[in-house]
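Report on the structure given below.
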Amino acid sequence: MSRSLRGIVREFGPAARVVGTERYEPTRPGPGQVAVRMVLASINPSDLVTISGAYASRTVLPFVPGFEGVGVVEETGPGVRDLRAGQRVLPLGSAGAWQQTKVTDGRWCLAVRPELTDEQAATAYINPLTALLMTRHHVLDTGAEVVAVNAAASAIGRMLIRMLNRAGIRPIALVRRPHSLARLAGTELTAAVCTADRPAGEALHEITRGRGLDVALDAVGGTEGAELGRALAAGGTLVHYGLLSGQPLPPQLPAERRDVRIVLFRLRDWVHTVQAEAPDRLADALAEVFGLVLDGTAASQVAGVYPLSAVRQALERDAVPGRRGKVLLSLAD
């Protein structure tokens with residue numbers, strides 16, 4: 001294989017400062033492995049949190065970031081029977097999407113529907129699958145009716161609202177900035193609240209007429225996530241899946257609300273569990289997600305596409321407040 005370019009992190013810190021690029025010689029795929037020529041990769045909050053060092057105890061330096069991207073099988077190793085050269089796949093299960101050639105286990109490469117564009121495929125995993133699983137397992141399967149979503153104007157926030165709307169649920173949307181309210185146009189909501197104007201707890205108490213929430217979907221953590229937890233009805237569930245505030249939920253929250261469930265949702269945990277126990281479930285879930293991407297329910301806007309050589313500019317664009325859409329990295333030569 002020819003020398004390729006990859007993003008590399010040699011120290012933890014702010015992504016736009018610590019992510020560099022370097023040339024490397026990809027290894028040949030061994031037994032059960034494939035070499036995937038990456039086409040596009042997404043920049044996600046989960047990438048930035050890892051780069052910052054929040055998970056330093058389980059992240060070995062140096063490493064290639066990127067949990068989401070689409071590529072084409074370039075070469076298969078011995079024993080790989082279900083994949084072929086030229087097949088478009090999502091290489092899941094590990095970081096490393098921010099490089100031109102990713103060598104990984106073939107069992108983690110899932111075929112992409114031909115109707116999806118590369119941009120759709122590169123954004124069809126983390127947000128859509130997270131939204132689908134949380135909506136199904138913690139809202140629809142439990143019969144929840146009163147649901148709140150914070151960071152509601154984010155890509156995944158709006159995706160969650162669209163999925164809830166499909167099920168006939170009009171959630172309460174919370175945003176942190178007044179201008180974000182306009183981004184909720186076209187969705188069906190019980191109410192939209194800007195927490196810069198009034199405390200979330202006060203607003204939720206008023207909107208639910210003191211009843212409280214059945215389910216709260218928290219992408220923020222910290223004090224804002226705790227407010228959602230305190231706004232739950234007895235027996236309700238706080239699903240904490242993101243850390244946009246950079247702060248964990250207060251450790252005293254479980255003791256304050258012993259009458260509710262606090263669930264830490266990590267897509268990685270679900271994916272690795274089902275891949276080990278029932279890999280068909282992962283393929284089936286992705287097939288469902290692909291359909292939701294195509295019909296617009298789980299679609300993602302794209303704010304910009306940058307070459308990997310301009311990864312720091314891409315990360316600076318990703319950090320712009322109010323950015324509309326995902327920032328992608330092009331891995332083409």
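So you can find residues: chains in the structure tokens are A, B, ... in the order shown, residues in each start at 1, and ligands are numbered from 1 in order.
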DSSP on the backbone: what in region 14-237 of chain A comes out alpha helix (DSSP H), as an mmCIF file with N, CA and C atoms, in the first residue's frame?
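Heads up, here's the output in selection_33.cif:
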data_model
loop_
_atom_site.group_PDB
_atom_site.id
_atom_site.type_symbol
_atom_site.label_atom_id
_atom_site.label_comp_id
_atom_site.auth_asym_id
_atom_site.auth_seq_id
_atom_site.Cartn_x
_atom_site.Cartn_y
_atom_site.Cartn_z
ATOM 1 N N ALA A 15 -9.032 20.067 20.846
ATOM 2 C CA ALA A 15 -8.806 19.356 19.585
ATOM 3 C C ALA A 15 -8.099 20.213 18.544
ATOM 4 N N ALA A 16 -8.512 21.473 18.388
ATOM 5 C CA ALA A 16 -7.921 22.314 17.350
ATOM 6 C C ALA A 16 -6.437 22.594 17.607
ATOM 7 N N ARG A 17 -5.988 22.334 18.820
ATOM 8 C CA ARG A 17 -4.572 22.552 19.138
ATOM 9 C C ARG A 17 -3.756 21.273 19.058
ATOM 10 N N VAL A 18 -4.339 20.139 19.480
ATOM 11 C CA VAL A 18 -3.522 18.927 19.643
ATOM 12 C C VAL A 18 -3.645 17.921 18.510
ATOM 13 N N PRO A 45 -19.045 15.177 19.013
ATOM 14 C CA PRO A 45 -18.660 15.487 20.394
ATOM 15 C C PRO A 45 -17.895 14.346 21.069
ATOM 16 N N SER A 46 -18.243 13.101 20.748
ATOM 17 C CA SER A 46 -17.536 11.973 21.363
ATOM 18 C C SER A 46 -16.063 11.965 20.965
ATOM 19 N N ASP A 47 -15.740 12.416 19.761
ATOM 20 C CA ASP A 47 -14.340 12.532 19.357
ATOM 21 C C ASP A 47 -13.630 13.600 20.184
ATOM 22 N N LEU A 48 -14.287 14.742 20.337
ATOM 23 C CA LEU A 48 -13.664 15.869 21.035
ATOM 24 C C LEU A 48 -13.449 15.566 22.515
ATOM 25 N N VAL A 49 -14.423 14.874 23.111
ATOM 26 C CA VAL A 49 -14.292 14.509 24.528
ATOM 27 C C VAL A 49 -13.109 13.565 24.718
ATOM 28 N N THR A 50 -12.956 12.600 23.811
ATOM 29 C CA THR A 50 -11.827 11.664 23.899
ATOM 30 C C THR A 50 -10.507 12.393 23.718
ATOM 31 N N ILE A 51 -10.443 13.288 22.732
ATOM 32 C CA ILE A 51 -9.215 14.048 22.474
ATOM 33 C C ILE A 51 -8.855 14.926 23.668
ATOM 34 N N SER A 52 -9.856 15.422 24.379
ATOM 35 C CA SER A 52 -9.596 16.309 25.524
ATOM 36 C C SER A 52 -8.921 15.598 26.683
ATOM 37 N N ASP A 118 -22.473 9.474 0.156
ATOM 38 C CA ASP A 118 -21.365 9.352 1.096
ATOM 39 C C ASP A 118 -21.581 10.250 2.316
ATOM 40 N N GLU A 119 -22.114 11.456 2.108
ATOM 41 C CA GLU A 119 -22.367 12.352 3.239
ATOM 42 C C GLU A 119 -23.415 11.756 4.172
ATOM 43 N N GLN A 120 -24.461 11.164 3.614
ATOM 44 C CA GLN A 120 -25.476 10.524 4.461
ATOM 45 C C GLN A 120 -24.877 9.349 5.219
ATOM 46 N N ALA A 121 -24.078 8.541 4.538
ATOM 47 C CA ALA A 121 -23.486 7.366 5.181
ATOM 48 C C ALA A 121 -22.525 7.764 6.298
ATOM 49 N N ALA A 122 -21.784 8.849 6.077
ATOM 50 C CA ALA A 122 -20.793 9.293 7.068
ATOM 51 C C ALA A 122 -21.429 9.868 8.316
ATOM 52 N N ILE A 126 -23.630 7.422 14.579
ATOM 53 C CA ILE A 126 -23.639 7.806 15.990
ATOM 54 C C ILE A 126 -24.940 8.482 16.402
ATOM 55 N N ASN A 127 -25.279 9.599 15.777
ATOM 56 C CA ASN A 127 -26.506 10.297 16.179
ATOM 57 C C ASN A 127 -27.771 9.496 15.862
ATOM 58 N N PRO A 128 -27.931 8.995 14.631
ATOM 59 C CA PRO A 128 -29.168 8.270 14.323
ATOM 60 C C PRO A 128 -29.380 7.029 15.182
ATOM 61 N N LEU A 129 -28.335 6.227 15.379
ATOM 62 C CA LEU A 129 -28.524 5.003 16.157
ATOM 63 C C LEU A 129 -28.753 5.321 17.631
ATOM 64 N N THR A 130 -28.048 6.315 18.153
ATOM 65 C CA THR A 130 -28.279 6.740 19.536
ATOM 66 C C THR A 130 -29.721 7.195 19.720
ATOM 67 N N ALA A 131 -30.203 8.043 18.810
ATOM 68 C CA ALA A 131 -31.574 8.551 18.912
ATOM 69 C C ALA A 131 -32.593 7.435 18.801
ATOM 70 N N LEU A 132 -32.380 6.503 17.880
ATOM 71 C CA LEU A 132 -33.319 5.394 17.703
ATOM 72 C C LEU A 132 -33.395 4.530 18.955
ATOM 73 N N LEU A 133 -32.250 4.166 19.509
ATOM 74 C CA LEU A 133 -32.231 3.269 20.671
ATOM 75 C C LEU A 133 -32.826 3.932 21.903
ATOM 76 N N MET A 134 -32.485 5.183 22.146
ATOM 77 C CA MET A 134 -33.029 5.866 23.324
ATOM 78 C C MET A 134 -34.536 6.051 23.196
ATOM 79 N N THR A 135 -34.982 6.447 22.011
ATOM 80 C CA THR A 135 -36.420 6.637 21.807
ATOM 81 C C THR A 135 -37.173 5.327 22.009
ATOM 82 N N ALA A 155 -28.024 18.773 16.398
ATOM 83 C CA ALA A 155 -28.367 17.794 15.361
ATOM 84 C C ALA A 155 -29.112 16.613 15.959
ATOM 85 N N ILE A 156 -28.597 16.064 17.049
ATOM 86 C CA ILE A 156 -29.267 14.904 17.635
ATOM 87 C C ILE A 156 -30.534 15.314 18.368
ATOM 88 N N GLY A 157 -30.571 16.526 18.920
ATOM 89 C CA GLY A 157 -31.790 16.983 19.582
ATOM 90 C C GLY A 157 -32.955 17.036 18.618
ATOM 91 N N ARG A 158 -32.741 17.624 17.452
ATOM 92 C CA ARG A 158 -33.814 17.692 16.454
ATOM 93 C C ARG A 158 -34.160 16.319 15.900
ATOM 94 N N MET A 159 -33.166 15.460 15.821
ATOM 95 C CA MET A 159 -33.419 14.089 15.364
ATOM 96 C C MET A 159 -34.318 13.359 16.357
ATOM 97 N N LEU A 160 -34.026 13.521 17.644
ATOM 98 C CA LEU A 160 -34.872 12.916 18.674
ATOM 99 C C LEU A 160 -36.302 13.434 18.587
ATOM 100 N N ILE A 161 -36.450 14.735 18.389
ATOM 101 C CA ILE A 161 -37.796 15.303 18.301
ATOM 102 C C ILE A 161 -38.550 14.714 17.116
ATOM 103 N N ARG A 162 -37.877 14.592 15.961
ATOM 104 C CA ARG A 162 -38.548 14.017 14.793
ATOM 105 C C ARG A 162 -38.962 12.571 15.045
ATOM 106 N N MET A 163 -38.114 11.792 15.732
ATOM 107 C CA MET A 163 -38.466 10.404 16.029
ATOM 108 C C MET A 163 -39.647 10.342 16.998
ATOM 109 N N LEU A 164 -39.641 11.224 17.985
ATOM 110 C CA LEU A 164 -40.759 11.267 18.925
ATOM 111 C C LEU A 164 -42.038 11.693 18.209
ATOM 112 N N ASN A 165 -41.932 12.661 17.319
ATOM 113 C CA ASN A 165 -43.104 13.099 16.561
ATOM 114 C C ASN A 165 -43.685 11.959 15.732
ATOM 115 N N ARG A 166 -42.820 11.127 15.155
ATOM 116 C CA ARG A 166 -43.298 9.970 14.378
ATOM 117 C C ARG A 166 -44.154 9.046 15.232
ATOM 118 N N ALA A 200 -34.901 25.973 33.918
ATOM 119 C CA ALA A 200 -35.593 24.830 33.335
ATOM 120 C C ALA A 200 -36.579 24.212 34.321
ATOM 121 N N GLY A 201 -36.170 24.070 35.577
ATOM 122 C CA GLY A 201 -37.042 23.435 36.559
ATOM 123 C C GLY A 201 -38.353 24.178 36.738
ATOM 124 N N GLU A 202 -38.271 25.493 36.808
ATOM 125 C CA GLU A 202 -39.471 26.310 36.966
ATOM 126 C C GLU A 202 -40.382 26.168 35.747
ATOM 127 N N ALA A 203 -39.781 26.216 34.555
ATOM 128 C CA ALA A 203 -40.571 26.110 33.332
ATOM 129 C C ALA A 203 -41.228 24.741 33.221
ATOM 130 N N LEU A 204 -40.505 23.693 33.531
ATOM 131 C CA LEU A 204 -41.050 22.338 33.403
ATOM 132 C C LEU A 204 -42.169 22.104 34.415
ATOM 133 N N HIS A 205 -42.015 22.638 35.610
ATOM 134 C CA HIS A 205 -43.073 22.501 36.606
ATOM 135 C C HIS A 205 -44.354 23.161 36.105
ATOM 136 N N GLU A 206 -44.202 24.331 35.496
ATOM 137 C CA GLU A 206 -45.375 25.049 34.999
ATOM 138 C C GLU A 206 -46.000 24.325 33.809
ATOM 139 N N ILE A 207 -45.161 23.885 32.858
ATOM 140 C CA ILE A 207 -45.673 23.259 31.628
ATOM 141 C C ILE A 207 -46.385 21.949 31.937
ATOM 142 N N GLY A 222 -24.020 18.111 33.974
ATOM 143 C CA GLY A 222 -23.828 19.227 34.890
ATOM 144 C C GLY A 222 -25.121 19.669 35.553
ATOM 145 N N THR A 223 -25.215 20.958 35.836
ATOM 146 C CA THR A 223 -26.400 21.472 36.536
ATOM 147 C C THR A 223 -27.652 21.395 35.676
ATOM 148 N N GLU A 224 -27.501 21.526 34.360
ATOM 149 C CA GLU A 224 -28.676 21.466 33.486
ATOM 150 C C GLU A 224 -29.257 20.057 33.443
ATOM 151 N N GLY A 225 -28.397 19.062 33.395
ATOM 152 C CA GLY A 225 -28.889 17.694 33.450
ATOM 153 C C GLY A 225 -29.554 17.403 34.779
ATOM 154 N N ALA A 226 -28.985 17.956 35.849
ATOM 155 C CA ALA A 226 -29.572 17.744 37.172
ATOM 156 C C ALA A 226 -30.956 18.367 37.271
ATOM 157 N N GLU A 227 -31.155 19.529 36.632
ATOM 158 C CA GLU A 227 -32.478 20.148 36.643
ATOM 159 C C GLU A 227 -33.518 19.236 36.002
ATOM 160 N N LEU A 228 -33.133 18.574 34.928
ATOM 161 C CA LEU A 228 -34.061 17.625 34.305
ATOM 162 C C LEU A 228 -34.357 16.473 35.259
ATOM 163 N N GLY A 229 -33.326 15.982 35.932
ATOM 164 C CA GLY A 229 -33.539 14.897 36.877
ATOM 165 C C GLY A 229 -34.491 15.286 37.994
ATOM 166 N N ARG A 230 -34.372 16.505 38.474
ATOM 167 C CA ARG A 230 -35.241 16.969 39.561
ATOM 168 C C ARG A 230 -36.662 17.240 39.068
#
Exercise. Neighbours of region 73-80 of chain A within 9 Å (only C-alpha atoms; same-chain residues fewer than 5 positions away dropped), as a PyMOL selection string?
Worked result: chain A and resi 28-38+85-89+101+106-107+109
Problem set entry | Those in region 51-182 of chain A with strand (DSSP E) from DSSP, as number ranges by chain | A: 69-76, 88-91, 101-105, 109-111, 147-149, 172-175
Can you spit out the residues from that selection as a compact mmCIF listing (two decimals), in the first residue's frame, using N, CA, C and O atoms?
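Listing of part20.txt after writing:
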# COMPACT_ATOMS: atom_id res chain seq x y z
N GLY A 69 -17.46 7.16 10.15
CA GLY A 69 -17.05 7.49 8.79
C GLY A 69 -17.45 6.38 7.84
O GLY A 69 -17.87 5.29 8.25
N VAL A 70 -17.30 6.66 6.56
CA VAL A 70 -17.64 5.68 5.53
C VAL A 70 -16.42 5.48 4.64
O VAL A 70 -15.64 6.41 4.40
N GLY A 71 -16.25 4.27 4.17
CA GLY A 71 -15.13 3.97 3.29
C GLY A 71 -15.45 2.82 2.36
O GLY A 71 -16.56 2.30 2.33
N VAL A 72 -14.44 2.43 1.60
CA VAL A 72 -14.58 1.36 0.61
C VAL A 72 -13.54 0.30 0.91
O VAL A 72 -12.36 0.61 1.14
N VAL A 73 -13.95 -0.95 0.93
CA VAL A 73 -13.01 -2.05 1.17
C VAL A 73 -11.97 -2.06 0.06
O VAL A 73 -12.29 -2.10 -1.13
N GLU A 74 -10.72 -1.99 0.47
CA GLU A 74 -9.61 -1.98 -0.48
C GLU A 74 -8.96 -3.35 -0.61
O GLU A 74 -8.57 -3.77 -1.71
N GLU A 75 -8.86 -4.05 0.51
CA GLU A 75 -8.20 -5.37 0.51
C GLU A 75 -8.75 -6.18 1.67
O GLU A 75 -9.03 -5.63 2.74
N THR A 76 -8.91 -7.47 1.47
CA THR A 76 -9.37 -8.35 2.55
C THR A 76 -8.28 -9.34 2.92
O THR A 76 -7.51 -9.78 2.06
N ARG A 88 -18.78 -0.64 -0.21
CA ARG A 88 -18.83 0.52 0.70
C ARG A 88 -19.32 0.07 2.06
O ARG A 88 -20.32 -0.63 2.18
N VAL A 89 -18.62 0.50 3.13
CA VAL A 89 -18.91 0.01 4.47
C VAL A 89 -18.75 1.13 5.50
O VAL A 89 -18.09 2.14 5.26
N LEU A 90 -19.37 0.90 6.66
CA LEU A 90 -19.09 1.68 7.86
C LEU A 90 -18.19 0.83 8.74
O LEU A 90 -18.61 -0.21 9.24
N PRO A 91 -16.93 1.24 8.96
CA PRO A 91 -16.05 0.49 9.86
C PRO A 91 -16.27 0.95 11.30
O PRO A 91 -15.79 2.01 11.70
N THR A 101 -6.47 5.16 5.30
CA THR A 101 -6.64 3.70 5.26
C THR A 101 -6.76 3.18 6.68
O THR A 101 -5.85 3.37 7.49
N LYS A 102 -7.89 2.57 6.98
CA LYS A 102 -8.13 1.99 8.30
C LYS A 102 -8.14 0.47 8.16
O LYS A 102 -8.93 -0.09 7.40
N VAL A 103 -7.27 -0.18 8.89
CA VAL A 103 -7.22 -1.65 8.91
C VAL A 103 -7.94 -2.10 10.18
O VAL A 103 -7.57 -1.70 11.29
N THR A 104 -8.96 -2.92 10.01
CA THR A 104 -9.80 -3.29 11.14
C THR A 104 -10.40 -4.66 10.92
O THR A 104 -10.30 -5.24 9.82
N ASP A 105 -11.03 -5.22 11.95
CA ASP A 105 -11.67 -6.53 11.83
C ASP A 105 -12.84 -6.45 10.86
O ASP A 105 -13.69 -5.55 10.96
N CYS A 109 -17.21 -4.26 9.93
CA CYS A 109 -17.50 -3.46 8.73
C CYS A 109 -18.88 -3.83 8.21
O CYS A 109 -19.10 -4.96 7.75
N LEU A 110 -19.81 -2.89 8.30
CA LEU A 110 -21.18 -3.15 7.90
C LEU A 110 -21.50 -2.44 6.59
O LEU A 110 -21.18 -1.27 6.41
N ALA A 111 -22.12 -3.19 5.70
CA ALA A 111 -22.40 -2.70 4.35
C ALA A 111 -23.37 -1.52 4.39
O ALA A 111 -24.28 -1.46 5.23
N VAL A 147 -42.26 14.02 27.80
CA VAL A 147 -40.83 13.84 27.52
C VAL A 147 -40.19 15.20 27.29
O VAL A 147 -40.77 16.07 26.62
N ALA A 148 -39.01 15.40 27.84
CA ALA A 148 -38.24 16.63 27.60
C ALA A 148 -36.91 16.29 26.96
O ALA A 148 -36.30 15.24 27.26
N VAL A 149 -36.46 17.16 26.07
CA VAL A 149 -35.19 16.99 25.35
C VAL A 149 -34.39 18.28 25.53
O VAL A 149 -34.88 19.35 25.16
N ILE A 172 -41.19 18.42 25.15
CA ILE A 172 -40.81 19.77 25.59
C ILE A 172 -39.35 19.95 25.20
O ILE A 172 -38.50 19.13 25.56
N ALA A 173 -39.07 21.00 24.45
CA ALA A 173 -37.71 21.25 23.96
C ALA A 173 -37.05 22.33 24.79
O ALA A 173 -37.65 23.38 25.04
N LEU A 174 -35.81 22.10 25.21
CA LEU A 174 -35.04 23.09 25.95
C LEU A 174 -33.79 23.44 25.16
O LEU A 174 -33.07 22.55 24.68
N VAL A 175 -33.55 24.74 25.03
CA VAL A 175 -32.34 25.23 24.37
C VAL A 175 -31.65 26.22 25.30
O VAL A 175 -32.27 26.77 26.21
Kindly provide the residues of region 249-333 of chain A that approach region 3-11 of chain A to within 9 Å, each paired with its closest atom pair and their distance in Å to one decimal, based on only C-alpha atoms, listed by chain and increasing number, as a Markdown table.
| residue | atom | partner | partner_atom | distance |
| --- | --- | --- | --- | --- |
| A:Leu308 | CA | A:Gly7 | CA | 7.2 |
| A:Ser309 | CA | A:Leu5 | CA | 8.0 |
| A:Val311 | CA | A:Gly7 | CA | 7.6 |
| A:Leu331 | CA | A:Leu5 | CA | 8.2 |
| A:Asp333 | CA | A:Leu5 | CA | 8.6 |
Exercise. Using only C-alpha atoms, which of the listed residues (A:Leu83, A:Ala191, A:Ala219, A:Ala231) sits closest to Ser245 (chain A)?
Worked result: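 Distance minimum relative to Ser245 (chain A) lands on A:Ala219.
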Considering only C-alpha atoms, give me a table of residues in region 127-225 of chain A that are at most 12 Å from region 255-262 of chain A, with the closest atom pair and distance in Å for each, as CSV.
residue,atom,partner,partner_atom,distance
A:His138,CA,A:Arg261,CA,10.6
A:Gly212,CA,A:Val260,CA,11.4
A:Leu213,CA,A:Val260,CA,10.5
A:Asp214,CA,A:Val260,CA,9.5
A:Val215,CA,A:Arg261,CA,9.5
A:Ala216,CA,A:Ile262,CA,9.7
A:Leu217,CA,A:Ile262,CA,10.4
A:Asp218,CA,A:Ile262,CA,10.4
A:Gly221,CA,A:Ile262,CA,11.8
A:Gly225,CA,A:Ile262,CA,10.6
Problem set entry | For Ala124 (chain A): contacts at 8 Å, only C-alpha atoms, fewer than 5 positions along chain excluded, given as a PyMOL selection string | chain A and resi 129+289-290+293+298-299
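Here CA of Val146 (chain A) stands at a distance of 26.9 Å from CA of Asp269 (chain A).
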Exercise. If you count only C-alpha atoms, which residues fall within 10 Å of Ser154 (chain A), apart from same-chain ones fewer than 6 positions away, as a ChimeraX atom specification?
Worked result: /A:160,175,180,183-184,219,322-326
Exercise. Restricting the calculation to only C-alpha atoms, which member of A:Ala144, A:Leu181, A:Val263, A:Ile43 is positioned closest to Thr123 (chain A)?
Worked result: A:Ile43
